[in-house]
Amino acid sequence: LHDKALSGDSYRLSYSKKFDEYDSQITFAGYRFSEKNYLSMSEYLNARHYGGPVGGSKSLYTATFNKQFRDAGLSVYLNYSNQSYWDRPASERWNLSLARYFSAGTVKNMNLSLNVFRNQERNQHNGISNNSNGMYLSLSLPLGRSGTLTTTASNSLGKNSYAARFSDRLDERNSYQLSASNTSVSGYLSHIGDQAEISASVAQQENNYTSLTFWNRSNFEIT
């Protein structure tokens, strides 16, 4: 790189253990201890294209834990990662996910999921940390014969957002989707014909920006 020959090594180690009696699994994966001159392919391409500094990732530690509570229809997933670099602050990320399938009355197979995360970036020179927390809540339930309604609410960097999406099939060849959020509304329609697949979508953003997209893919047979 930059007319110089550089070399560096990187080492990886992973371990996974499944506990059938507890219906759970623990994984330590993606361990990476890199020398400063080591470049992954993406880091090499970025440095060659943008002329950035040599050396990126220094080490990566990840640990995950997941467990199924099948009687309650609940699954739990916990992930922790610690990423350090040669030339920029280290970062940590915690992520906790809960998902539950359940039924209420005549509505079957509903899914409720909650995701909570915390990102922390620590400056290696002065020790000051920049933290960001967030959450994502989603509820999905079947409606009618083949429709699905999904509603979401999230909070990240102090901003709240909400969205709802309904998708369904009119028949075997036609399907549609309607979406709305606190910043936009959109619709999508798809038709699968004998000779072509046709779809159209329209969307409007909160700044009064409207887009219309039409797509047609024809099927040709060459003999």
# chains A, B, ... in the order shown; residues from 1 in each chain; ligands from 1
>>> residues_around(residues="Thr106 in chain A", least_positions_apart="2", cutoff="12 Å", atoms="only C-alpha atoms", output="PDB file with C-alpha atoms, in the first residue's frame")
ATOM      1  CA  PHE A 102     -48.782 -16.376  21.745  1.00  0.00           C
ATOM      2  CA  SER A 103     -52.488 -16.435  20.900  1.00  0.00           C
ATOM      3  CA  ALA A 104     -55.365 -14.286  22.137  1.00  0.00           C
ATOM      4  CA  LYS A 108     -53.354 -17.169  16.680  1.00  0.00           C
ATOM      5  CA  ASN A 109     -49.583 -17.042  16.302  1.00  0.00           C
ATOM      6  CA  MET A 110     -48.981 -13.458  17.332  1.00  0.00           C
ATOM      7  CA  LEU A 141     -50.342 -10.573  14.170  1.00  0.00           C
ATOM      8  CA  PRO A 142     -52.140 -12.382  11.365  1.00  0.00           C
ATOM      9  CA  LEU A 143     -55.342 -10.878  10.013  1.00  0.00           C
ATOM     10  CA  GLY A 144     -57.825 -12.502   7.676  1.00  0.00           C
TER      11      GLY A 144
END
>>> select_by_dssp(residues="range 34-188 of chain A", states="strand (DSSP E)", output="ChimeraX atom specification")
/A:34,57-69,74-85,90-104,107-122,129-143,147-156,159-169,174-181,184-188
>>> residues_around(residues="Val76 in chain A", least_positions_apart="2", cutoff="10 Å", atoms="only C-alpha atoms", output="list in words")
Ser24, Phe65, Asn66, Lys67, Gln68, Phe69, Leu74, Leu78, Leu96, Ser97, Leu98, Ala99, Arg100, Ser113 and Leu114 of chain A
>>> write_last_selection(atoms="all heavy atoms", output="short mmCIF file (atom, residue, chain, number, x, y, z; two decimals), in the first residue's frame")
data_model
loop_
_atom_site.label_atom_id
_atom_site.label_comp_id
_atom_site.auth_asym_id
_atom_site.auth_seq_id
_atom_site.Cartn_x
_atom_site.Cartn_y
_atom_site.Cartn_z
N SER A 24 -30.50 -24.21 25.84
CA SER A 24 -29.77 -22.95 25.74
C SER A 24 -28.43 -23.18 25.04
O SER A 24 -27.99 -24.32 24.85
CB SER A 24 -29.54 -22.34 27.12
OG SER A 24 -28.78 -23.21 27.94
N PHE A 65 -25.56 -15.46 24.29
CA PHE A 65 -26.29 -16.45 25.08
C PHE A 65 -27.74 -16.44 24.61
O PHE A 65 -28.35 -15.37 24.48
CB PHE A 65 -26.23 -16.12 26.57
CG PHE A 65 -27.17 -16.95 27.41
CD1 PHE A 65 -26.86 -18.25 27.74
CD2 PHE A 65 -28.38 -16.41 27.84
CE1 PHE A 65 -27.74 -19.02 28.50
CE2 PHE A 65 -29.26 -17.16 28.61
CZ PHE A 65 -28.93 -18.48 28.94
N ASN A 66 -28.27 -17.59 24.31
CA ASN A 66 -29.69 -17.67 23.96
C ASN A 66 -30.33 -18.87 24.65
O ASN A 66 -29.69 -19.89 24.86
CB ASN A 66 -29.90 -17.73 22.44
CG ASN A 66 -29.28 -18.96 21.82
OD1 ASN A 66 -29.82 -20.05 21.91
ND2 ASN A 66 -28.13 -18.79 21.18
N LYS A 67 -31.59 -18.69 24.99
CA LYS A 67 -32.33 -19.75 25.69
C LYS A 67 -33.78 -19.72 25.25
O LYS A 67 -34.37 -18.66 25.03
CB LYS A 67 -32.24 -19.55 27.21
CG LYS A 67 -33.02 -20.60 28.00
CD LYS A 67 -32.79 -20.49 29.48
CE LYS A 67 -33.67 -21.48 30.26
NZ LYS A 67 -33.47 -22.88 29.81
N GLN A 68 -34.34 -20.91 25.13
CA GLN A 68 -35.74 -21.07 24.78
C GLN A 68 -36.55 -21.51 26.00
O GLN A 68 -36.14 -22.43 26.71
CB GLN A 68 -35.89 -22.12 23.66
CG GLN A 68 -35.10 -21.84 22.41
CD GLN A 68 -35.67 -20.68 21.63
OE1 GLN A 68 -36.87 -20.41 21.66
NE2 GLN A 68 -34.81 -19.98 20.89
N PHE A 69 -37.65 -20.82 26.23
CA PHE A 69 -38.64 -21.25 27.22
C PHE A 69 -39.87 -21.70 26.44
O PHE A 69 -40.80 -20.92 26.21
CB PHE A 69 -38.97 -20.10 28.18
CG PHE A 69 -37.81 -19.61 28.98
CD1 PHE A 69 -37.01 -18.59 28.50
CD2 PHE A 69 -37.51 -20.18 30.22
CE1 PHE A 69 -35.93 -18.12 29.25
CE2 PHE A 69 -36.43 -19.72 30.97
CZ PHE A 69 -35.64 -18.69 30.48
N LEU A 74 -41.33 -18.34 24.75
CA LEU A 74 -40.44 -17.20 24.90
C LEU A 74 -39.01 -17.60 24.55
O LEU A 74 -38.54 -18.68 24.92
CB LEU A 74 -40.48 -16.69 26.35
CG LEU A 74 -39.54 -15.54 26.71
CD1 LEU A 74 -39.96 -14.27 25.99
CD2 LEU A 74 -39.53 -15.33 28.23
N LEU A 78 -29.00 -12.71 24.31
CA LEU A 78 -28.14 -11.68 24.88
C LEU A 78 -26.80 -11.70 24.15
O LEU A 78 -26.20 -12.76 23.97
CB LEU A 78 -27.92 -11.92 26.38
CG LEU A 78 -26.98 -10.95 27.10
CD1 LEU A 78 -27.54 -9.54 27.07
CD2 LEU A 78 -26.74 -11.41 28.53
N LEU A 96 -29.99 -6.98 24.09
CA LEU A 96 -30.89 -7.97 24.71
C LEU A 96 -32.17 -8.04 23.89
O LEU A 96 -32.81 -7.01 23.63
CB LEU A 96 -31.22 -7.58 26.15
CG LEU A 96 -32.28 -8.42 26.85
CD1 LEU A 96 -31.81 -9.87 27.01
CD2 LEU A 96 -32.65 -7.83 28.20
N SER A 97 -32.53 -9.24 23.48
CA SER A 97 -33.74 -9.45 22.69
C SER A 97 -34.64 -10.48 23.36
O SER A 97 -34.16 -11.54 23.80
CB SER A 97 -33.39 -9.92 21.26
OG SER A 97 -32.65 -8.95 20.57
N LEU A 98 -35.91 -10.15 23.42
CA LEU A 98 -36.93 -11.06 23.93
C LEU A 98 -38.00 -11.21 22.85
O LEU A 98 -38.44 -10.22 22.26
CB LEU A 98 -37.56 -10.53 25.21
CG LEU A 98 -36.63 -10.18 26.37
CD1 LEU A 98 -37.41 -9.51 27.49
CD2 LEU A 98 -35.92 -11.43 26.88
N ALA A 99 -38.42 -12.42 22.60
CA ALA A 99 -39.46 -12.67 21.61
C ALA A 99 -40.42 -13.72 22.15
O ALA A 99 -39.99 -14.73 22.74
CB ALA A 99 -38.86 -13.14 20.29
N ARG A 100 -41.71 -13.48 21.94
CA ARG A 100 -42.71 -14.41 22.46
C ARG A 100 -43.82 -14.61 21.44
O ARG A 100 -44.36 -13.64 20.88
CB ARG A 100 -43.32 -13.91 23.77
CG ARG A 100 -44.30 -14.87 24.40
CD ARG A 100 -44.75 -14.41 25.78
NE ARG A 100 -45.59 -15.41 26.43
CZ ARG A 100 -46.92 -15.41 26.38
NH1 ARG A 100 -47.56 -14.43 25.74
NH2 ARG A 100 -47.61 -16.36 26.99
N SER A 113 -41.96 -8.83 20.20
CA SER A 113 -40.52 -8.85 20.41
C SER A 113 -40.05 -7.50 20.94
O SER A 113 -40.60 -6.45 20.60
CB SER A 113 -39.78 -9.17 19.09
OG SER A 113 -40.06 -8.19 18.11
N LEU A 114 -39.05 -7.55 21.78
CA LEU A 114 -38.45 -6.37 22.38
C LEU A 114 -36.95 -6.47 22.25
O LEU A 114 -36.35 -7.50 22.56
CB LEU A 114 -38.83 -6.26 23.86
CG LEU A 114 -38.13 -5.15 24.66
CD1 LEU A 114 -38.55 -3.78 24.15
CD2 LEU A 114 -38.44 -5.30 26.15
#
>>> residues_around(residues="Ala164 in chain A", least_positions_apart="2", cutoff="7 Å", atoms="only C-alpha atoms", output="list in words")
Thr150, Thr151, Thr152, Phe166, Ser179, Ala180 and Ser181 of chain A
>>> residues_around(residues="Ala163 in chain A", least_positions_apart="6", cutoff="12 Å", atoms="only C-alpha atoms", output="list in words")
Tyr136, Leu137, Ser138, Leu139, Ser140, Leu149, Thr150, Thr151, Thr152, Ala153, Ser154, Leu178, Ser179, Ala180, Ser181, Asn182, Thr183, Ser184, Val185 and Ser186 of chain A
>>> atom_distance(atom1="CA of Gly105 in chain A", atom2="CA of Arg70 in chain A")
20.1 Å
>>> atom_distance(atom1="CA of Ser91 in chain A", atom2="CA of Leu112 in chain A")
29.5 Å
>>> closest_residue(among="A:Leu170, A:Ala47, A:Ala200, A:Leu39", to="Leu212 in chain A", atoms="only C-alpha atoms")
A:Ala200
>>> select_by_dssp(residues="range 4-223 of chain A", states="alpha helix (DSSP H)", output="list in words")
Met41, Ser42, Glu43, Tyr44, Leu45, Asn46, Ala47, Arg48, His49 and Tyr50 of chain A
>>> closest_residue(among="A:Ser175, A:Ser161, A:Ser7, A:Ala196", to="Tyr44 in chain A", atoms="only C-alpha atoms")
A:Ser7
>>> residues_around(residues="Asp168 in chain A", least_positions_apart="5", cutoff="8 Å", atoms="only C-alpha atoms", output="list in words")
Ser146, Gly147, Thr148, Ser175, Tyr176 and Gln177 of chain A
>>> write_last_selection(atoms="N, CA and C atoms", output="compact mmCIF listing (two decimals), in the first residue's frame")
# COMPACT_ATOMS: atom_id res chain seq x y z
N SER A 146 -54.72 -14.41 4.97
CA SER A 146 -53.28 -14.41 4.70
C SER A 146 -52.61 -13.09 5.04
N GLY A 147 -53.32 -12.16 5.64
CA GLY A 147 -52.74 -10.87 5.93
C GLY A 147 -51.93 -10.86 7.21
N THR A 148 -51.00 -9.92 7.30
CA THR A 148 -50.18 -9.75 8.49
C THR A 148 -50.05 -8.26 8.80
N SER A 175 -50.60 -9.32 -4.79
CA SER A 175 -50.36 -9.03 -3.38
C SER A 175 -50.12 -7.53 -3.22
N TYR A 176 -50.28 -7.06 -1.99
CA TYR A 176 -50.08 -5.64 -1.75
C TYR A 176 -49.58 -5.42 -0.33
N GLN A 177 -49.09 -4.19 -0.11
CA GLN A 177 -48.58 -3.81 1.20
C GLN A 177 -48.84 -2.32 1.42
>>> closest_residue(among="A:Ser42, A:Tyr50, A:Ala63, A:Ser199", to="Leu13 in chain A", atoms="only C-alpha atoms")
A:Ala63
>>> atom_distance(atom1="CA of Gly8 in chain A", atom2="CA of Ser34 in chain A")
7.4 Å
>>> closest_residue(among="A:Asn131, A:Tyr61, A:Arg122, A:Phe33", to="Arg88 in chain A", atoms="only C-alpha atoms")
A:Arg122
>>> residues_around(residues="Phe214 in chain A", least_positions_apart="2", cutoff="12 Å", atoms="only C-alpha atoms", output="mmCIF file with all heavy atoms, in the first residue's frame")
data_model
loop_
_atom_site.group_PDB
_atom_site.id
_atom_site.type_symbol
_atom_site.label_atom_id
_atom_site.label_comp_id
_atom_site.auth_asym_id
_atom_site.auth_seq_id
_atom_site.Cartn_x
_atom_site.Cartn_y
_atom_site.Cartn_z
ATOM 1 N N TYR A 188 -47.663 -0.551 -1.928
ATOM 2 C CA TYR A 188 -46.962 -1.403 -2.885
ATOM 3 C C TYR A 188 -47.942 -2.439 -3.422
ATOM 4 O O TYR A 188 -48.725 -3.023 -2.667
ATOM 5 C CB TYR A 188 -45.786 -2.094 -2.193
ATOM 6 C CG TYR A 188 -45.067 -3.128 -3.023
ATOM 7 C CD1 TYR A 188 -44.062 -2.758 -3.902
ATOM 8 C CD2 TYR A 188 -45.387 -4.474 -2.920
ATOM 9 C CE1 TYR A 188 -43.391 -3.699 -4.665
ATOM 10 C CE2 TYR A 188 -44.727 -5.430 -3.673
ATOM 11 C CZ TYR A 188 -43.732 -5.040 -4.546
ATOM 12 O OH TYR A 188 -43.079 -5.973 -5.290
ATOM 13 N N LEU A 189 -47.909 -2.664 -4.735
ATOM 14 C CA LEU A 189 -48.789 -3.633 -5.387
ATOM 15 C C LEU A 189 -47.974 -4.466 -6.349
ATOM 16 O O LEU A 189 -47.153 -3.934 -7.108
ATOM 17 C CB LEU A 189 -49.918 -2.919 -6.138
ATOM 18 C CG LEU A 189 -50.889 -3.803 -6.922
ATOM 19 C CD1 LEU A 189 -51.686 -4.698 -5.975
ATOM 20 C CD2 LEU A 189 -51.829 -2.943 -7.764
ATOM 21 N N SER A 190 -48.180 -5.775 -6.319
ATOM 22 C CA SER A 190 -47.421 -6.675 -7.173
ATOM 23 C C SER A 190 -48.359 -7.637 -7.888
ATOM 24 O O SER A 190 -49.330 -8.132 -7.300
ATOM 25 C CB SER A 190 -46.404 -7.471 -6.350
ATOM 26 O OG SER A 190 -45.731 -8.430 -7.137
ATOM 27 N N HIS A 191 -48.070 -7.887 -9.170
ATOM 28 C CA HIS A 191 -48.852 -8.824 -9.973
ATOM 29 C C HIS A 191 -47.904 -9.750 -10.723
ATOM 30 O O HIS A 191 -46.958 -9.295 -11.363
ATOM 31 C CB HIS A 191 -49.741 -8.085 -10.977
ATOM 32 C CG HIS A 191 -50.369 -8.993 -11.994
ATOM 33 N ND1 HIS A 191 -51.444 -9.821 -11.688
ATOM 34 C CD2 HIS A 191 -50.069 -9.220 -13.300
ATOM 35 C CE1 HIS A 191 -51.783 -10.509 -12.764
ATOM 36 N NE2 HIS A 191 -50.972 -10.159 -13.754
ATOM 37 N N GLU A 197 -43.764 -10.042 -14.560
ATOM 38 C CA GLU A 197 -44.037 -9.687 -13.176
ATOM 39 C C GLU A 197 -44.042 -8.165 -13.070
ATOM 40 O O GLU A 197 -43.076 -7.501 -13.440
ATOM 41 C CB GLU A 197 -42.974 -10.273 -12.250
ATOM 42 C CG GLU A 197 -43.204 -9.947 -10.786
ATOM 43 C CD GLU A 197 -42.162 -10.582 -9.883
ATOM 44 O OE1 GLU A 197 -41.444 -11.493 -10.349
ATOM 45 O OE2 GLU A 197 -42.058 -10.146 -8.721
ATOM 46 N N ILE A 198 -45.138 -7.606 -12.605
ATOM 47 C CA ILE A 198 -45.324 -6.162 -12.581
ATOM 48 C C ILE A 198 -45.536 -5.711 -11.144
ATOM 49 O O ILE A 198 -46.287 -6.335 -10.393
ATOM 50 C CB ILE A 198 -46.528 -5.736 -13.448
ATOM 51 C CG1 ILE A 198 -46.341 -6.219 -14.891
ATOM 52 C CG2 ILE A 198 -46.713 -4.225 -13.418
ATOM 53 C CD1 ILE A 198 -47.572 -6.024 -15.743
ATOM 54 N N SER A 199 -44.879 -4.627 -10.780
ATOM 55 C CA SER A 199 -45.071 -4.072 -9.449
ATOM 56 C C SER A 199 -45.051 -2.550 -9.529
ATOM 57 O O SER A 199 -44.422 -1.962 -10.413
ATOM 58 C CB SER A 199 -43.994 -4.559 -8.483
ATOM 59 O OG SER A 199 -42.721 -4.119 -8.907
ATOM 60 N N ALA A 200 -45.743 -1.926 -8.600
ATOM 61 C CA ALA A 200 -45.795 -0.469 -8.527
ATOM 62 C C ALA A 200 -45.811 -0.057 -7.070
ATOM 63 O O ALA A 200 -46.403 -0.730 -6.228
ATOM 64 C CB ALA A 200 -47.019 0.069 -9.252
ATOM 65 N N SER A 201 -45.153 1.043 -6.767
ATOM 66 C CA SER A 201 -45.126 1.547 -5.402
ATOM 67 C C SER A 201 -45.216 3.062 -5.417
ATOM 68 O O SER A 201 -44.761 3.723 -6.361
ATOM 69 C CB SER A 201 -43.849 1.101 -4.681
ATOM 70 O OG SER A 201 -42.704 1.648 -5.294
ATOM 71 N N VAL A 202 -45.801 3.624 -4.371
ATOM 72 C CA VAL A 202 -45.890 5.064 -4.201
ATOM 73 C C VAL A 202 -45.581 5.389 -2.751
ATOM 74 O O VAL A 202 -45.938 4.623 -1.845
ATOM 75 C CB VAL A 202 -47.293 5.587 -4.604
ATOM 76 C CG1 VAL A 202 -48.374 4.954 -3.750
ATOM 77 C CG2 VAL A 202 -47.350 7.111 -4.522
ATOM 78 N N SER A 211 -42.862 9.937 -4.366
ATOM 79 C CA SER A 211 -42.191 9.138 -5.396
ATOM 80 C C SER A 211 -43.125 8.052 -5.899
ATOM 81 O O SER A 211 -43.932 7.504 -5.146
ATOM 82 C CB SER A 211 -40.904 8.513 -4.847
ATOM 83 O OG SER A 211 -41.202 7.593 -3.808
ATOM 84 N N LEU A 212 -43.014 7.747 -7.167
ATOM 85 C CA LEU A 212 -43.800 6.697 -7.805
ATOM 86 C C LEU A 212 -42.855 5.811 -8.596
ATOM 87 O O LEU A 212 -42.073 6.300 -9.418
ATOM 88 C CB LEU A 212 -44.857 7.293 -8.728
ATOM 89 C CG LEU A 212 -45.701 6.292 -9.547
ATOM 90 C CD1 LEU A 212 -46.526 5.418 -8.612
ATOM 91 C CD2 LEU A 212 -46.591 7.032 -10.525
ATOM 92 N N ASN A 216 -41.250 -3.621 -14.221
ATOM 93 C CA ASN A 216 -41.791 -4.683 -15.060
ATOM 94 C C ASN A 216 -40.660 -5.614 -15.460
ATOM 95 O O ASN A 216 -39.654 -5.187 -16.028
ATOM 96 C CB ASN A 216 -42.449 -4.085 -16.314
ATOM 97 C CG ASN A 216 -42.985 -5.165 -17.249
ATOM 98 O OD1 ASN A 216 -43.192 -6.301 -16.850
ATOM 99 N ND2 ASN A 216 -43.199 -4.798 -18.496
ATOM 100 N N ARG A 217 -40.810 -6.893 -15.137
ATOM 101 C CA ARG A 217 -39.828 -7.878 -15.554
ATOM 102 C C ARG A 217 -40.516 -8.914 -16.427
ATOM 103 O O ARG A 217 -41.393 -9.658 -15.976
ATOM 104 C CB ARG A 217 -39.190 -8.564 -14.345
ATOM 105 C CG ARG A 217 -38.066 -9.543 -14.748
ATOM 106 C CD ARG A 217 -37.422 -10.179 -13.537
ATOM 107 N NE ARG A 217 -38.331 -11.114 -12.893
ATOM 108 C CZ ARG A 217 -38.036 -11.781 -11.787
ATOM 109 N NH1 ARG A 217 -36.879 -11.580 -11.191
ATOM 110 N NH2 ARG A 217 -38.906 -12.619 -11.249
#
>>> closest_residue(among="A:Tyr15, A:Glu121, A:Gly187, A:Lys58", to="Ala203 in chain A", atoms="only C-alpha atoms")
A:Gly187
>>> decode(residues="range 100-111 of chain A", atoms="all heavy atoms", output="mmCIF file, in the first residue's frame")
data_model
loop_
_atom_site.group_PDB
_atom_site.id
_atom_site.type_symbol
_atom_site.label_atom_id
_atom_site.label_comp_id
_atom_site.auth_asym_id
_atom_site.auth_seq_id
_atom_site.Cartn_x
_atom_site.Cartn_y
_atom_site.Cartn_z
ATOM 1 N N ARG A 100 -41.712 -13.484 21.942
ATOM 2 C CA ARG A 100 -42.711 -14.405 22.455
ATOM 3 C C ARG A 100 -43.825 -14.606 21.438
ATOM 4 O O ARG A 100 -44.356 -13.642 20.882
ATOM 5 C CB ARG A 100 -43.319 -13.906 23.767
ATOM 6 C CG ARG A 100 -44.300 -14.873 24.396
ATOM 7 C CD ARG A 100 -44.749 -14.415 25.780
ATOM 8 N NE ARG A 100 -45.586 -15.413 26.425
ATOM 9 C CZ ARG A 100 -46.918 -15.412 26.380
ATOM 10 N NH1 ARG A 100 -47.563 -14.435 25.739
ATOM 11 N NH2 ARG A 100 -47.614 -16.355 26.985
ATOM 12 N N TYR A 101 -44.148 -15.861 21.178
ATOM 13 C CA TYR A 101 -45.280 -16.222 20.334
ATOM 14 C C TYR A 101 -46.452 -16.596 21.241
ATOM 15 O O TYR A 101 -46.283 -17.338 22.208
ATOM 16 C CB TYR A 101 -44.930 -17.403 19.424
ATOM 17 C CG TYR A 101 -43.966 -17.037 18.314
ATOM 18 C CD1 TYR A 101 -42.593 -17.136 18.510
ATOM 19 C CD2 TYR A 101 -44.432 -16.587 17.080
ATOM 20 C CE1 TYR A 101 -41.699 -16.792 17.492
ATOM 21 C CE2 TYR A 101 -43.557 -16.256 16.066
ATOM 22 C CZ TYR A 101 -42.197 -16.365 16.271
ATOM 23 O OH TYR A 101 -41.323 -16.019 15.273
ATOM 24 N N PHE A 102 -47.631 -16.090 20.904
ATOM 25 C CA PHE A 102 -48.782 -16.376 21.745
ATOM 26 C C PHE A 102 -50.062 -16.190 20.926
ATOM 27 O O PHE A 102 -50.045 -15.703 19.788
ATOM 28 C CB PHE A 102 -48.801 -15.462 22.974
ATOM 29 C CG PHE A 102 -48.931 -14.000 22.644
ATOM 30 C CD1 PHE A 102 -50.158 -13.352 22.733
ATOM 31 C CD2 PHE A 102 -47.825 -13.266 22.251
ATOM 32 C CE1 PHE A 102 -50.279 -12.007 22.427
ATOM 33 C CE2 PHE A 102 -47.937 -11.914 21.946
ATOM 34 C CZ PHE A 102 -49.165 -11.294 22.041
ATOM 35 N N SER A 103 -51.175 -16.572 21.520
ATOM 36 C CA SER A 103 -52.488 -16.435 20.900
ATOM 37 C C SER A 103 -53.420 -15.731 21.874
ATOM 38 O O SER A 103 -53.260 -15.833 23.095
ATOM 39 C CB SER A 103 -53.065 -17.805 20.523
ATOM 40 O OG SER A 103 -52.217 -18.479 19.610
ATOM 41 N N ALA A 104 -54.378 -14.991 21.318
ATOM 42 C CA ALA A 104 -55.365 -14.286 22.137
ATOM 43 C C ALA A 104 -56.723 -14.432 21.471
ATOM 44 O O ALA A 104 -56.955 -13.890 20.391
ATOM 45 C CB ALA A 104 -54.998 -12.816 22.301
ATOM 46 N N GLY A 105 -57.599 -15.206 22.090
ATOM 47 C CA GLY A 105 -58.912 -15.428 21.510
ATOM 48 C C GLY A 105 -58.813 -16.175 20.203
ATOM 49 O O GLY A 105 -58.194 -17.242 20.116
ATOM 50 N N THR A 106 -59.397 -15.593 19.169
ATOM 51 C CA THR A 106 -59.377 -16.234 17.852
ATOM 52 C C THR A 106 -58.126 -15.874 17.045
ATOM 53 O O THR A 106 -57.926 -16.403 15.957
ATOM 54 C CB THR A 106 -60.628 -15.818 17.054
ATOM 55 O OG1 THR A 106 -60.651 -14.394 16.913
ATOM 56 C CG2 THR A 106 -61.892 -16.286 17.755
ATOM 57 N N VAL A 107 -57.317 -14.977 17.552
ATOM 58 C CA VAL A 107 -56.101 -14.571 16.840
ATOM 59 C C VAL A 107 -54.944 -15.465 17.297
ATOM 60 O O VAL A 107 -54.582 -15.472 18.472
ATOM 61 C CB VAL A 107 -55.759 -13.089 17.099
ATOM 62 C CG1 VAL A 107 -54.529 -12.686 16.303
ATOM 63 C CG2 VAL A 107 -56.946 -12.202 16.741
ATOM 64 N N LYS A 108 -54.402 -16.210 16.359
ATOM 65 C CA LYS A 108 -53.354 -17.169 16.680
ATOM 66 C C LYS A 108 -51.994 -16.684 16.160
ATOM 67 O O LYS A 108 -51.909 -15.864 15.258
ATOM 68 C CB LYS A 108 -53.679 -18.532 16.058
ATOM 69 C CG LYS A 108 -55.066 -19.059 16.383
ATOM 70 C CD LYS A 108 -55.237 -19.332 17.867
ATOM 71 C CE LYS A 108 -56.626 -19.915 18.152
ATOM 72 N NZ LYS A 108 -56.823 -20.171 19.605
ATOM 73 N N ASN A 109 -50.957 -17.235 16.762
ATOM 74 C CA ASN A 109 -49.583 -17.042 16.302
ATOM 75 C C ASN A 109 -49.168 -15.575 16.228
ATOM 76 O O ASN A 109 -48.543 -15.129 15.259
ATOM 77 C CB ASN A 109 -49.387 -17.706 14.933
ATOM 78 C CG ASN A 109 -49.630 -19.196 14.973
ATOM 79 O OD1 ASN A 109 -49.250 -19.866 15.933
ATOM 80 N ND2 ASN A 109 -50.286 -19.717 13.947
ATOM 81 N N MET A 110 -49.482 -14.820 17.242
ATOM 82 C CA MET A 110 -48.981 -13.458 17.332
ATOM 83 C C MET A 110 -47.546 -13.476 17.843
ATOM 84 O O MET A 110 -47.138 -14.401 18.561
ATOM 85 C CB MET A 110 -49.864 -12.626 18.263
ATOM 86 C CG MET A 110 -51.243 -12.353 17.713
ATOM 87 S SD MET A 110 -52.150 -11.134 18.710
ATOM 88 C CE MET A 110 -52.423 -12.074 20.211
ATOM 89 N N ASN A 111 -46.792 -12.464 17.477
ATOM 90 C CA ASN A 111 -45.394 -12.388 17.880
ATOM 91 C C ASN A 111 -45.107 -11.015 18.468
ATOM 92 O O ASN A 111 -45.368 -9.986 17.839
ATOM 93 C CB ASN A 111 -44.468 -12.646 16.688
ATOM 94 C CG ASN A 111 -43.001 -12.426 17.047
ATOM 95 O OD1 ASN A 111 -42.367 -11.496 16.563
ATOM 96 N ND2 ASN A 111 -42.471 -13.287 17.900
#
